[in-house]
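Source file target-v2.txt; content: compact mmCIF, C-alpha atoms.
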```txt
# COMPACT_ATOMS: atom_id res chain seq x y z
CA MET I 1 4.76 -2.00 -11.71
CA ARG I 2 5.96 -1.54 -8.13
CA SER I 3 7.83 -4.88 -8.30
CA ARG I 4 10.24 -3.37 -10.79
CA VAL I 5 11.39 -0.79 -8.23
CA LEU I 6 11.58 -3.28 -5.39
CA LEU I 7 13.65 -5.84 -7.30
CA TRP I 8 16.31 -3.29 -8.20
CA GLN I 9 16.55 -2.32 -4.56
CA VAL I 10 16.64 -5.79 -3.00
CA VAL I 11 18.27 -8.24 -5.42
CA PRO I 12 21.74 -6.61 -5.21
CA PHE I 13 21.51 -7.01 -1.42
CA GLY I 14 20.69 -10.70 -1.81
CA VAL I 15 23.59 -11.29 -4.21
CA MET I 16 25.95 -9.50 -1.82
CA ALA I 17 24.69 -11.57 1.15
CA LEU I 18 25.21 -14.81 -0.81
CA LEU I 19 28.69 -13.73 -1.87
CA LEU I 20 29.62 -12.91 1.72
CA SER I 21 28.27 -16.30 2.84
CA GLY I 22 30.52 -17.98 0.29
CA LEU I 23 33.51 -15.97 1.48
CA ALA I 24 32.70 -16.82 5.11
CA LEU I 25 32.98 -20.54 4.29
CA GLY I 26 36.59 -20.06 3.24
CA PRO I 27 38.57 -20.64 0.06
CA GLN I 28 38.24 -24.45 0.09
CA GLN I 29 35.23 -25.74 -1.81
CA VAL I 30 34.72 -28.66 0.59
CA GLY I 31 31.40 -28.35 2.41
CA HIS I 32 30.13 -25.41 0.34
CA SER I 33 27.57 -27.55 -1.46
CA SER I 34 26.17 -29.09 1.71
CA ALA I 35 25.84 -25.63 3.33
CA ALA I 36 24.31 -24.10 0.19
CA PRO I 37 20.61 -24.92 0.83
CA GLY I 38 20.73 -23.42 4.33
CA LEU I 39 22.60 -20.33 3.16
CA PHE I 40 20.25 -19.93 0.21
CA TYR I 41 17.18 -19.90 2.46
CA LEU I 42 18.92 -17.64 5.00
CA VAL I 43 19.50 -15.08 2.27
CA VAL I 44 15.98 -15.62 0.91
CA VAL I 45 14.40 -14.88 4.29
CA LEU I 46 16.44 -11.67 4.64
CA VAL I 47 15.41 -10.64 1.13
CA ALA I 48 11.78 -11.54 1.87
CA LEU I 49 11.74 -9.44 5.06
CA LEU I 50 13.11 -6.45 3.16
CA MET I 51 10.55 -6.93 0.41
CA ILE I 52 7.62 -7.28 2.80
CA ASN I 53 8.66 -4.20 4.77
CA ARG I 54 9.13 -2.20 1.62
CA SER I 55 5.90 -3.34 -0.02
CA HIS I 56 3.89 -2.17 2.97
CA ALA I 57 5.97 0.95 3.66
CA ILE I 58 4.98 2.48 0.31
CA GLU I 59 1.41 2.64 1.56
CA THR I 60 2.07 3.86 5.09
CA SER I 61 1.67 7.56 4.31
CA ARG I 62 -1.76 8.56 5.51
CA GLY I 63 -2.71 10.08 2.16
CA THR I 64 -1.77 7.01 0.13
CA ARG I 65 -3.49 4.61 2.52
CA ALA I 66 -6.65 6.70 2.48
CA SER I 67 -6.54 7.12 -1.26
CA VAL I 68 -6.11 3.39 -1.90
CA ALA I 69 -8.72 2.55 0.75
CA THR I 70 -11.25 4.76 -1.05
CA LEU I 71 -10.88 2.59 -4.14
CA GLY I 72 -13.04 0.13 -2.19
CA LEU I 73 -11.14 -2.92 -3.40
CA ASP I 74 -12.06 -6.41 -2.25
CA PRO I 75 -9.60 -7.25 0.59
CA ALA I 76 -9.25 -10.89 -0.50
CA GLY I 77 -8.29 -9.68 -3.97
CA VAL I 78 -5.84 -7.18 -2.50
CA PHE I 79 -4.26 -9.95 -0.41
CA LEU I 80 -3.96 -12.30 -3.37
CA GLY I 81 -2.53 -9.52 -5.53
CA LYS I 82 0.04 -8.52 -2.93
CA ALA I 83 0.99 -12.14 -2.21
CA LEU I 84 1.35 -12.90 -5.91
CA ALA I 85 3.46 -9.77 -6.48
CA LEU I 86 5.68 -10.70 -3.55
CA ALA I 87 5.92 -14.30 -4.77
CA ILE I 88 6.98 -13.15 -8.25
CA GLU I 89 9.60 -10.88 -6.71
CA LEU I 90 10.89 -13.75 -4.58
CA TRP I 91 10.87 -16.17 -7.53
CA LEU I 92 12.88 -13.74 -9.66
CA SER I 93 15.28 -13.16 -6.77
CA ALA I 94 15.56 -16.92 -6.28
CA ILE I 95 16.58 -17.43 -9.92
CA VAL I 96 19.46 -15.02 -9.38
CA LEU I 97 20.36 -16.56 -6.01
CA LEU I 98 20.21 -20.16 -7.29
CA ALA I 99 22.51 -19.19 -10.15
CA GLY I 100 24.71 -17.52 -7.55
CA SER I 101 24.71 -20.74 -5.51
CA VAL I 102 26.01 -22.69 -8.50
CA VAL I 103 28.78 -20.15 -9.07
CA VAL I 104 29.70 -19.16 -5.51
CA LEU I 105 28.76 -22.23 -3.47
CA HIS I 106 29.53 -24.80 -6.17
CA THR I 107 26.16 -26.61 -6.06
CA ALA I 108 25.54 -29.13 -8.83
CA LEU I 109 23.53 -27.61 -11.68
CA HIS I 110 21.32 -30.69 -12.13
CA GLY I 111 20.48 -30.88 -8.41
CA THR I 112 19.79 -27.14 -8.29
CA LEU I 113 17.36 -27.47 -11.20
CA MET I 114 15.69 -30.41 -9.43
CA ALA I 115 15.12 -28.14 -6.41
CA VAL I 116 13.36 -25.43 -8.42
CA PRO I 117 9.76 -26.75 -7.99
CA SER I 118 10.11 -27.00 -4.21
CA VAL I 119 11.76 -23.56 -4.08
CA LEU I 120 8.82 -22.08 -6.03
CA VAL I 121 6.24 -23.56 -3.65
CA THR I 122 8.19 -22.68 -0.50
CA LEU I 123 8.68 -19.10 -1.63
CA GLY I 124 4.98 -18.89 -2.53
CA ALA I 125 4.14 -19.93 1.02
CA ILE I 126 6.62 -17.39 2.44
CA ALA I 127 5.02 -14.71 0.25
CA ALA I 128 1.51 -15.56 1.49
CA ALA I 129 2.59 -15.67 5.16
CA GLY I 130 4.70 -12.54 4.76
CA THR I 131 1.84 -10.58 3.21
CA LEU I 132 -0.36 -11.52 6.13
CA TYR I 133 2.24 -10.61 8.76
CA GLY I 134 3.16 -7.45 6.86
CA ALA I 135 -0.45 -6.27 7.14
CA LEU I 136 -0.40 -7.16 10.83
CA THR I 137 2.66 -5.07 11.62
CA THR I 138 2.29 -2.22 9.14
CA GLY I 139 1.69 1.24 10.56
CA GLY I 140 3.02 0.26 13.98
CA ASN I 141 5.77 2.23 15.67
CA ALA I 142 8.26 -0.61 15.34
CA ALA I 143 7.04 -2.38 12.22
CA ALA I 144 10.56 -3.11 10.94
CA THR I 145 11.40 -4.91 14.21
CA LEU I 146 8.04 -6.51 14.77
CA LEU I 147 7.86 -8.10 11.34
CA PRO I 148 10.82 -10.49 11.76
CA VAL I 149 9.93 -11.20 15.39
CA LEU I 150 6.39 -12.21 14.49
CA SER I 151 6.96 -13.80 11.12
CA LEU I 152 10.10 -15.88 11.74
CA PRO I 153 8.24 -18.49 13.84
CA ALA I 154 5.81 -18.82 10.92
CA PHE I 155 8.64 -18.97 8.40
CA ALA I 156 10.67 -21.54 10.40
CA PRO I 157 8.84 -24.71 9.28
CA LEU I 158 8.86 -23.43 5.70
CA LEU I 159 12.58 -22.77 5.83
CA ILE I 160 13.27 -26.21 7.27
CA ALA I 161 11.08 -27.89 4.65
CA GLY I 162 12.64 -25.83 1.87
CA GLU I 163 16.19 -26.50 3.05
CA ARG I 164 15.55 -30.24 3.40
CA SER I 165 14.00 -30.58 -0.05
CA TYR I 166 16.81 -28.52 -1.64
CA SER I 167 19.36 -30.76 0.14
CA ALA I 168 17.51 -33.86 -1.04
CA ALA I 169 17.59 -32.56 -4.61
CA LEU I 170 21.34 -31.98 -4.36
CA HIS I 171 22.43 -35.03 -2.40
CA GLY I 172 19.53 -37.48 -2.64
CA GLY I 173 16.85 -38.23 -0.07
CA ALA I 174 13.16 -37.71 0.60
CA LEU I 175 12.35 -34.70 -1.57
CA LEU I 176 8.60 -35.14 -1.92
CA GLU I 177 7.75 -35.39 1.80
CA TRP I 178 9.30 -32.01 2.57
CA TRP I 179 7.72 -30.52 -0.51
CA VAL I 180 4.26 -31.54 0.72
CA ILE I 181 4.79 -29.51 3.91
CA SER I 182 5.40 -26.40 1.80
CA VAL I 183 2.31 -27.11 -0.34
CA VAL I 184 0.10 -27.50 2.74
CA ALA I 185 1.55 -24.32 4.29
CA LEU I 186 0.90 -22.44 1.06
CA ALA I 187 -2.75 -23.52 1.06
CA VAL I 188 -3.17 -22.67 4.77
CA TYR I 189 -1.65 -19.19 4.49
CA LEU I 190 -3.62 -18.40 1.34
CA GLY I 191 -6.83 -19.43 3.10
CA MET I 192 -5.98 -17.40 6.19
CA GLY I 193 -5.10 -14.37 4.11
CA ILE I 194 -8.32 -14.49 2.11
CA LEU I 195 -10.34 -14.70 5.31
CA LEU I 196 -8.38 -12.32 7.56
CA TYR I 197 -6.75 -9.67 5.37
CA GLY I 198 -9.77 -7.38 5.41
CA VAL I 199 -9.95 -7.52 9.20
CA LEU I 200 -6.24 -6.70 9.52
CA GLU I 201 -6.55 -3.78 7.12
CA GLU I 202 -9.49 -2.30 8.97
CA SER I 203 -7.77 -2.64 12.34
CA MET P 1 -11.43 7.28 19.80
CA ALA P 2 -7.68 7.82 20.24
CA ASN P 3 -6.03 6.79 23.51
CA GLY P 4 -9.42 6.77 25.20
CA PHE P 5 -10.36 10.30 24.08
CA PRO P 6 -13.01 10.93 21.41
CA LEU P 7 -11.61 12.35 18.17
CA LEU P 8 -14.94 14.00 17.45
CA SER P 9 -17.70 14.97 19.82
CA GLY P 10 -20.78 17.08 19.31
CA VAL P 11 -20.51 17.20 15.54
CA ASP P 12 -23.86 18.01 13.99
CA LEU P 13 -23.82 18.93 10.33
CA GLU P 14 -25.59 18.44 7.04
CA LEU P 15 -23.89 18.83 3.67
CA ALA P 16 -25.90 19.90 0.64
CA PRO P 17 -25.26 18.09 -2.65
CA SER P 18 -23.11 19.98 -5.20
CA SER P 19 -21.75 22.27 -2.53
CA LEU P 20 -18.39 23.32 -1.21
CA THR P 21 -17.79 23.19 2.52
CA VAL P 22 -14.61 24.31 4.22
CA LEU P 23 -13.64 23.03 7.65
CA VAL P 24 -11.53 25.60 9.43
CA GLY P 25 -9.62 25.04 12.64
CA ALA P 26 -6.26 24.76 14.30
CA ASN P 27 -4.11 21.63 14.14
CA GLY P 28 -5.75 18.89 16.21
CA ALA P 29 -9.22 20.46 15.97
CA GLY P 30 -10.61 17.31 14.38
CA LYS P 31 -10.80 18.36 10.73
CA THR P 32 -8.96 15.32 9.37
CA SER P 33 -10.89 12.99 11.69
CA LEU P 34 -14.18 14.39 10.40
CA LEU P 35 -13.02 13.90 6.81
CA GLN P 36 -11.96 10.32 7.63
CA LEU P 37 -15.38 9.68 9.15
CA LEU P 38 -17.11 11.04 6.05
CA ALA P 39 -14.86 8.84 3.88
CA GLY P 40 -15.75 5.74 5.85
CA LEU P 41 -12.13 5.33 6.88
CA ILE P 42 -12.99 5.36 10.60
CA GLY P 43 -16.17 4.20 12.22
CA LEU P 44 -18.70 5.80 14.53
CA THR P 45 -18.44 4.78 18.19
CA SER P 46 -21.64 6.64 19.09
CA GLY P 47 -24.21 8.82 17.40
CA GLU P 48 -25.45 8.42 13.87
CA GLY P 49 -24.58 9.58 10.40
CA THR P 50 -25.46 9.01 6.77
CA VAL P 51 -23.14 9.72 3.84
CA LEU P 52 -24.40 9.31 0.27
CA GLY P 53 -27.16 7.09 1.62
CA PHE P 54 -24.79 4.82 3.56
CA ASN P 55 -25.40 4.50 7.29
CA LEU P 56 -22.02 5.02 8.98
CA ALA P 57 -23.01 2.93 11.98
CA THR P 58 -24.48 -0.12 10.27
CA ASP P 59 -23.48 -0.33 6.60
CA ASP P 60 -20.24 -1.78 5.21
CA ARG P 61 -17.99 1.27 5.01
CA ARG P 62 -16.03 -0.25 2.13
CA LEU P 63 -19.06 0.21 -0.13
CA LEU P 64 -19.23 3.91 0.74
CA ARG P 65 -15.52 4.41 0.00
CA ARG P 66 -15.93 3.60 -3.69
CA HIS P 67 -17.96 6.81 -4.04
CA VAL P 68 -15.52 8.97 -2.10
CA GLY P 69 -12.32 10.59 -3.31
CA TRP P 70 -9.53 11.52 -0.91
CA LEU P 71 -6.70 13.97 -1.43
CA GLY P 72 -4.21 14.53 1.36
CA HIS P 73 -1.54 17.22 1.46
CA GLU P 74 1.23 14.62 1.84
CA GLY P 75 0.42 12.85 -1.41
CA SER P 76 -2.25 10.32 -2.25
CA PHE P 77 -0.52 8.02 -4.68
CA TYR P 78 2.53 5.80 -5.11
CA ASP P 79 5.73 7.82 -5.05
CA ASP P 80 7.77 5.17 -6.89
CA LEU P 81 5.45 5.02 -9.89
CA THR P 82 5.30 7.45 -12.77
CA VAL P 83 2.37 9.82 -13.27
CA ARG P 84 0.95 7.57 -15.99
CA GLU P 85 1.39 4.38 -13.94
CA ASN P 86 -0.36 5.93 -10.94
CA LEU P 87 -3.35 6.98 -13.02
CA THR P 88 -3.47 3.66 -14.87
CA PHE P 89 -3.59 1.88 -11.51
CA ALA P 90 -6.44 4.09 -10.28
CA ALA P 91 -8.40 3.63 -13.51
CA LYS P 92 -7.92 -0.14 -13.67
CA ALA P 93 -8.81 -0.61 -10.02
CA LEU P 94 -12.24 0.87 -10.70
CA ASP P 95 -12.68 -0.37 -14.27
CA ARG P 96 -12.58 3.16 -15.62
CA PRO P 97 -11.68 3.59 -19.31
CA LEU P 98 -8.04 4.46 -19.93
CA ASP P 99 -9.18 6.69 -22.81
CA ASP P 100 -9.83 9.43 -20.26
CA LEU P 101 -6.22 9.47 -19.16
CA SER P 102 -4.93 11.91 -21.76
CA SER P 103 -7.74 14.41 -21.26
CA VAL P 104 -7.32 14.27 -17.48
CA LEU P 105 -3.56 14.82 -17.78
CA ALA P 106 -4.22 17.77 -20.09
CA ARG P 107 -6.74 19.25 -17.62
CA VAL P 108 -4.23 19.21 -14.76
CA ASP P 109 -1.39 20.32 -17.05
CA LEU P 110 0.74 17.22 -16.46
CA GLU P 111 0.88 15.91 -20.04
CA GLY P 112 4.58 16.65 -20.27
CA ARG P 113 5.19 14.81 -17.00
CA ARG P 114 3.38 11.56 -17.74
CA ASP P 115 6.57 9.49 -17.48
CA THR P 116 8.00 11.32 -14.47
CA ILE P 117 8.31 9.42 -11.18
CA ALA P 118 5.79 10.91 -8.74
CA LYS P 119 8.34 11.66 -6.04
CA SER P 120 10.26 13.85 -8.49
CA LEU P 121 7.30 16.20 -8.94
CA SER P 122 7.09 19.60 -7.25
CA ALA P 123 4.52 20.20 -4.50
CA GLY P 124 2.11 21.82 -6.95
CA GLN P 125 2.51 19.04 -9.50
CA ARG P 126 1.98 16.40 -6.80
CA ARG P 127 -1.26 18.08 -5.84
CA ARG P 128 -2.31 18.14 -9.48
CA LEU P 129 -1.51 14.43 -9.79
CA GLY P 130 -3.78 13.84 -6.77
CA LEU P 131 -6.49 15.83 -8.53
CA ALA P 132 -5.96 13.85 -11.73
CA TRP P 133 -6.42 10.61 -9.75
CA LEU P 134 -9.77 11.97 -8.50
CA LEU P 135 -10.84 13.32 -11.90
CA LEU P 136 -10.27 9.87 -13.35
CA ARG P 137 -12.28 8.24 -10.57
CA ARG P 138 -15.12 10.81 -10.64
CA PRO P 139 -16.28 10.30 -7.03
CA GLN P 140 -19.50 11.85 -5.77
CA LEU P 141 -17.89 13.17 -2.61
CA TRP P 142 -14.47 14.85 -2.67
CA LEU P 143 -12.65 15.08 0.65
CA LEU P 144 -9.55 17.24 0.54
CA ASP P 145 -7.29 17.39 3.59
CA GLU P 146 -5.30 20.65 3.70
CA PRO P 147 -5.05 20.83 -0.10
CA TYR P 148 -3.54 24.34 -0.09
CA ALA P 149 -0.54 23.45 2.05
CA SER P 150 2.75 24.38 0.32
CA LEU P 151 0.99 25.62 -2.83
CA ASP P 152 1.91 28.99 -4.34
CA ASP P 153 -0.73 31.51 -5.47
CA GLU P 154 -0.79 30.12 -8.99
CA GLY P 155 -1.32 26.60 -7.66
CA ARG P 156 -4.10 27.73 -5.35
CA THR P 157 -5.89 29.59 -8.13
CA PHE P 158 -5.64 26.53 -10.37
CA PHE P 159 -6.98 24.37 -7.57
CA ASP P 160 -9.95 26.68 -6.93
CA ALA P 161 -10.87 26.78 -10.61
CA LEU P 162 -10.86 23.01 -10.85
CA LEU P 163 -12.94 22.61 -7.70
CA GLY P 164 -15.48 25.02 -9.19
CA GLU P 165 -15.79 22.81 -12.28
CA VAL P 166 -16.19 19.69 -10.19
CA ILE P 167 -18.97 21.21 -8.12
CA ASP P 168 -20.72 22.46 -11.26
CA ARG P 169 -20.72 18.85 -12.46
CA GLY P 170 -22.58 17.77 -9.32
CA ALA P 171 -19.90 16.66 -6.88
CA THR P 172 -19.93 17.60 -3.21
CA VAL P 173 -16.61 18.88 -1.91
CA VAL P 174 -15.36 19.20 1.66
CA VAL P 175 -12.03 20.91 2.23
CA SER P 176 -10.11 21.21 5.47
CA SER P 177 -7.92 24.24 6.02
CA HIS P 178 -6.32 26.11 8.88
CA ASP P 179 -6.29 29.27 6.79
CA PRO P 180 -9.63 31.07 7.28
CA LEU P 181 -8.67 33.82 4.84
CA ARG P 182 -8.14 31.33 2.07
CA SER P 183 -11.39 29.55 2.73
CA ALA P 184 -13.35 32.80 2.85
CA GLN P 185 -12.44 33.45 -0.78
CA LEU P 186 -14.04 30.31 -2.15
CA ALA P 187 -16.46 28.73 0.26
CA PRO P 188 -20.13 29.40 0.55
CA ILE P 189 -20.22 27.24 3.69
CA THR P 190 -17.51 27.53 6.33
CA LEU P 191 -17.51 25.47 9.49
CA THR P 192 -15.11 26.13 12.35
CA MET P 193 -13.90 23.21 14.43
CA VAL P 194 -12.39 23.36 17.91
CA GLY P 195 -11.50 20.38 20.07
CA GLY P 196 -13.36 17.85 17.92
CA ARG P 197 -16.54 19.97 17.77
CA VAL P 198 -18.12 22.07 15.04
CA VAL P 199 -18.58 25.38 16.86
CA THR P 200 -19.78 27.79 14.17
CA PRO P 201 -22.07 26.87 11.34
```

Would you kindly transcribe this structure into C-alpha cells?
Amino acid sequence: MRSRVLLWQVVPFGVMALLLSGLALGPQQVGHSSAAPGLFYLVVVLVALLMINRSHAIETSRGTRASVATLGLDPAGVFLGKALALAIELWLSAIVLLAGSVVVLHTALHGTLMAVPSVLVTLGAIAAAGTLYGALTTGGNAAATLLPVLSLPAFAPLLIAGERSYSAALHGGALLEWWVISVVALAVYLGMGILLYGVLEES
Amino acid sequence: MANGFPLLSGVDLELAPSSLTVLVGANGAGKTSLLQLLAGLIGLTSGEGTVLGFNLATDDRRLLRRHVGWLGHEGSFYDDLTVRENLTFAAKALDRPLDDLSSVLARVDLEGRRDTIAKSLSAGQRRRLGLAWLLLRRPQLWLLDEPYASLDDEGRTFFDALLGEVIDRGATVVVSSHDPLRSAQLAPITLTMVGGRVVTP
C-alpha cells in the first residue's frame, strides 16, 4: 500500500535523471548505447537511496515507531517484507527506466530484454542491502547523509556486476559470471538481514 | 539511560488491573520514558519490573509488546495511508478479523472518513484513528502519551467516554498528561513525576 505513494514520488525523478543523462551525452547517438548500462545503474542507485530514505522516514515519528513496535512482529519477517516491497518498487522503476534507456539512450531492445533477469537479481540485492543499511541509519541525526556514505561501498560491487552484465547483454560478453555475483550478494544480504534486522531495530 | 543520565530513577509503582492511572508532570519529568518502559520499548538497566507477567529485565520484550497498545500525541499510524488502509494493516499484522473494522470506525465516528489519507485528518480525527487502531487490536494494557494535546473539549469528552468503556471491558490504561486539572476529572489514580521519579502516589 505504501509502495503506491513512494513510486509516484520517486519514478518521475528517475525518468528526469535519465533524460538529463541522455542530454548530457549530446545530440549525437554515438556512444549512448555503450554508456547506457552505467547511466541506468547510476540513476537506479539514486532512486534506491531516495526510496530507502523515504521507506524508513515514514516510521521515524516516535508515535508510529512505538505503535508498529507494539505489534510485536517478527523482525526477520519485517526485514523480508520491507526488502520485498523495496525490490518491487525498484523493479517497477527499472521497467520504466529500461524503456527510457531504449528511447533516450538508444539501447537495442533485444539486448535490453536479455538484461532483464540480471537487473531483477541485482536490484533485489540492492533492496536487501538497502533495507539493512536503512535500518542502521534510521533515526540518526544525519540519516540522509549517512545512508549513501555507508551503503555505497556495499552497493559498489553490485553496481559493477549489474553494469557488466547489462553491457554483456547489449554488446556480447560474459553475462552469466557477473550475474552470479549478484545472486551470491542477494543471498548474503538476505541472510544478514534475517539474522541482524532485529538487533538493528532494537538498537 | 540517555547521555549517561538515567531517564528514570526511584520509580516504585504497582498498577491494578482494569484501572486508569494518570502520570502528571512537566516536560522532561520522565512520563514518556515510563510509558516506554511499560510498553517494553526500552529496557531496564537496573532494578526490576513485571508487566502483564513479563519480566522486564529477563524476558523478550517483543512478546510483551503484542499485549500493549500505544497512542502518541503526534500520531501512531502511517500518514500516507488512508484510514481504512491503516486499520487493515493493524488488523492483518495481528491476524484480527477485518469484520470488526466497520464497527470500530463507527465507534470512533470515522465511517465517513474511511478513504481519507491520514495526514489530511484534523487533530481530533487523528486521535480517533489512533484509538480505532487500538480498539481493533484490543490490547490488555493501553499506554497513551499526552492524548489530550491539541484536542478541543468535545474531543476530550469523547476520549474520556471511550477510555471508560475500555476499562469497563477489563483493560488497564495509563495516560500521561501535563495538565493536572484534566487528569483530576477522570483518574482514580494520579501519580506525579519529577526528574524521572514518581514523587506522589

*Once you count all atoms listed in the file, which residues of chain P turn out to be within 9 Å of chain I? Could you give them as a ChimeraX atom specification?*
/P:36,39-42,61-81,85,90,93-94,137,145

Could you dump the residues just selected with C-alpha atoms as a PDB file, in the coordinates of the input?
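Saved result, result_11.pdb, follows:
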```pdb
ATOM      1  CA  GLN P  36     -11.960  10.320   7.630  1.00  0.00           C
ATOM      2  CA  ALA P  39     -14.860   8.840   3.880  1.00  0.00           C
ATOM      3  CA  GLY P  40     -15.750   5.740   5.850  1.00  0.00           C
ATOM      4  CA  LEU P  41     -12.130   5.330   6.880  1.00  0.00           C
ATOM      5  CA  ILE P  42     -12.990   5.360  10.600  1.00  0.00           C
ATOM      6  CA  ARG P  61     -17.990   1.270   5.010  1.00  0.00           C
ATOM      7  CA  ARG P  62     -16.030  -0.250   2.130  1.00  0.00           C
ATOM      8  CA  LEU P  63     -19.060   0.210  -0.130  1.00  0.00           C
ATOM      9  CA  LEU P  64     -19.230   3.910   0.740  1.00  0.00           C
ATOM     10  CA  ARG P  65     -15.520   4.410   0.000  1.00  0.00           C
ATOM     11  CA  ARG P  66     -15.930   3.600  -3.690  1.00  0.00           C
ATOM     12  CA  HIS P  67     -17.960   6.810  -4.040  1.00  0.00           C
ATOM     13  CA  VAL P  68     -15.520   8.970  -2.100  1.00  0.00           C
ATOM     14  CA  GLY P  69     -12.320  10.590  -3.310  1.00  0.00           C
ATOM     15  CA  TRP P  70      -9.530  11.520  -0.910  1.00  0.00           C
ATOM     16  CA  LEU P  71      -6.700  13.970  -1.430  1.00  0.00           C
ATOM     17  CA  GLY P  72      -4.210  14.530   1.360  1.00  0.00           C
ATOM     18  CA  HIS P  73      -1.540  17.220   1.460  1.00  0.00           C
ATOM     19  CA  GLU P  74       1.230  14.620   1.840  1.00  0.00           C
ATOM     20  CA  GLY P  75       0.420  12.850  -1.410  1.00  0.00           C
ATOM     21  CA  SER P  76      -2.250  10.320  -2.250  1.00  0.00           C
ATOM     22  CA  PHE P  77      -0.520   8.020  -4.680  1.00  0.00           C
ATOM     23  CA  TYR P  78       2.530   5.800  -5.110  1.00  0.00           C
ATOM     24  CA  ASP P  79       5.730   7.820  -5.050  1.00  0.00           C
ATOM     25  CA  ASP P  80       7.770   5.170  -6.890  1.00  0.00           C
ATOM     26  CA  LEU P  81       5.450   5.020  -9.890  1.00  0.00           C
ATOM     27  CA  GLU P  85       1.390   4.380 -13.940  1.00  0.00           C
ATOM     28  CA  ALA P  90      -6.440   4.090 -10.280  1.00  0.00           C
ATOM     29  CA  ALA P  93      -8.810  -0.610 -10.020  1.00  0.00           C
ATOM     30  CA  LEU P  94     -12.240   0.870 -10.700  1.00  0.00           C
ATOM     31  CA  ARG P 137     -12.280   8.240 -10.570  1.00  0.00           C
ATOM     32  CA  ASP P 145      -7.290  17.390   3.590  1.00  0.00           C
TER      33      ASP P 145
END
```

Given the point (-7.6, 21.3, -8.9) in the coordinates of this file, which residues lie within 10 Å, counting all atoms listed in the file, and how would they look as a compact mmCIF listing (two decimals) with C-alpha atoms, keeping the file's coordinate frame?
```txt
# COMPACT_ATOMS: atom_id res chain seq x y z
CA ARG P 107 -6.74 19.25 -17.62
CA VAL P 108 -4.23 19.21 -14.76
CA GLY P 124 2.11 21.82 -6.95
CA ARG P 127 -1.26 18.08 -5.84
CA ARG P 128 -2.31 18.14 -9.48
CA LEU P 129 -1.51 14.43 -9.79
CA GLY P 130 -3.78 13.84 -6.77
CA LEU P 131 -6.49 15.83 -8.53
CA ALA P 132 -5.96 13.85 -11.73
CA LEU P 134 -9.77 11.97 -8.50
CA LEU P 135 -10.84 13.32 -11.90
CA PRO P 147 -5.05 20.83 -0.10
CA GLY P 155 -1.32 26.60 -7.66
CA ARG P 156 -4.10 27.73 -5.35
CA THR P 157 -5.89 29.59 -8.13
CA PHE P 158 -5.64 26.53 -10.37
CA PHE P 159 -6.98 24.37 -7.57
CA ASP P 160 -9.95 26.68 -6.93
CA ALA P 161 -10.87 26.78 -10.61
CA LEU P 162 -10.86 23.01 -10.85
CA LEU P 163 -12.94 22.61 -7.70
CA GLY P 164 -15.48 25.02 -9.19
CA GLU P 165 -15.79 22.81 -12.28
CA VAL P 166 -16.19 19.69 -10.19
```

Using only C-alpha atoms, which protein or nucleic acid residues come within 7 Å of Ala17 of chain I? Drop anything in the same chain fewer than 4 positions from it, and give the result as a PDB file with C-alpha atoms, in the coordinates of the input.
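File written: part-v5.pdb
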```
ATOM      1  CA  PHE I  13      21.510  -7.010  -1.420  1.00  0.00           C
ATOM      2  CA  SER I  21      28.270 -16.300   2.840  1.00  0.00           C
ATOM      3  CA  VAL I  43      19.500 -15.080   2.270  1.00  0.00           C
TER       4      VAL I  43
END
```

*Between I:Leu200, I:Ala76, I:Ala99, I:Leu25, single out the one closest to Thr138 of chain I, counting all atoms listed in the file.*
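Closest candidate: I:Leu200.
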
*Write out as JSON, numbers by chain each polymer residue whose atoms come within 12 Å of Thr58 of chain P, counting all atoms listed in the file; drop sequence neighbours fewer than 5 positions from it.*
{"P": [40, 43, 44, 45, 46, 47, 48, 49, 50, 51, 53, 63, 64]}

*Within 7 Å of Val194 of chain P, counting all atoms listed in the file, which residues show up once you throw out same-chain ones fewer than 5 positions away? Write them as a list in words, please.*
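The residues that qualify are Gly25, Ala29 and Val199 of chain P.
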
*Mind pulling up the distance from atom CA of Leu56 of chain P to atom CA of Leu195 of chain I?*
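The value is 23.2 Å.
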
Got a sec to write segment 173-182 of chain I of the block to a file, N, CA and C atoms, as a PDB file, in the first residue's frame?
```
ATOM      1  N   GLY I 173      29.405 -10.810 -24.470  1.00  0.00           N
ATOM      2  CA  GLY I 173      30.416 -10.963 -23.429  1.00  0.00           C
ATOM      3  C   GLY I 173      29.932 -11.912 -22.349  1.00  0.00           C
ATOM      4  N   ALA I 174      30.683 -11.965 -21.258  1.00  0.00           N
ATOM      5  CA  ALA I 174      30.380 -12.917 -20.182  1.00  0.00           C
ATOM      6  C   ALA I 174      29.250 -12.393 -19.298  1.00  0.00           C
ATOM      7  N   LEU I 175      28.037 -12.770 -19.629  1.00  0.00           N
ATOM      8  CA  LEU I 175      26.864 -12.292 -18.884  1.00  0.00           C
ATOM      9  C   LEU I 175      26.676 -13.070 -17.573  1.00  0.00           C
ATOM     10  N   LEU I 176      26.828 -14.390 -17.679  1.00  0.00           N
ATOM     11  CA  LEU I 176      26.494 -15.253 -16.546  1.00  0.00           C
ATOM     12  C   LEU I 176      27.411 -15.042 -15.344  1.00  0.00           C
ATOM     13  N   GLU I 177      28.715 -14.841 -15.587  1.00  0.00           N
ATOM     14  CA  GLU I 177      29.667 -14.693 -14.490  1.00  0.00           C
ATOM     15  C   GLU I 177      29.302 -13.504 -13.600  1.00  0.00           C
ATOM     16  N   TRP I 178      28.965 -12.382 -14.234  1.00  0.00           N
ATOM     17  CA  TRP I 178      28.605 -11.195 -13.456  1.00  0.00           C
ATOM     18  C   TRP I 178      27.275 -11.386 -12.754  1.00  0.00           C
ATOM     19  N   TRP I 179      26.403 -12.130 -13.393  1.00  0.00           N
ATOM     20  CA  TRP I 179      25.098 -12.389 -12.816  1.00  0.00           C
ATOM     21  C   TRP I 179      25.244 -13.204 -11.512  1.00  0.00           C
ATOM     22  N   VAL I 180      26.162 -14.138 -11.510  1.00  0.00           N
ATOM     23  CA  VAL I 180      26.383 -14.975 -10.325  1.00  0.00           C
ATOM     24  C   VAL I 180      26.785 -14.116  -9.126  1.00  0.00           C
ATOM     25  N   ILE I 181      27.591 -13.085  -9.372  1.00  0.00           N
ATOM     26  CA  ILE I 181      27.990 -12.195  -8.266  1.00  0.00           C
ATOM     27  C   ILE I 181      26.748 -11.565  -7.624  1.00  0.00           C
ATOM     28  N   SER I 182      25.826 -11.122  -8.452  1.00  0.00           N
ATOM     29  CA  SER I 182      24.593 -10.520  -7.920  1.00  0.00           C
ATOM     30  C   SER I 182      23.758 -11.542  -7.142  1.00  0.00           C
TER      31      SER I 182
END
```
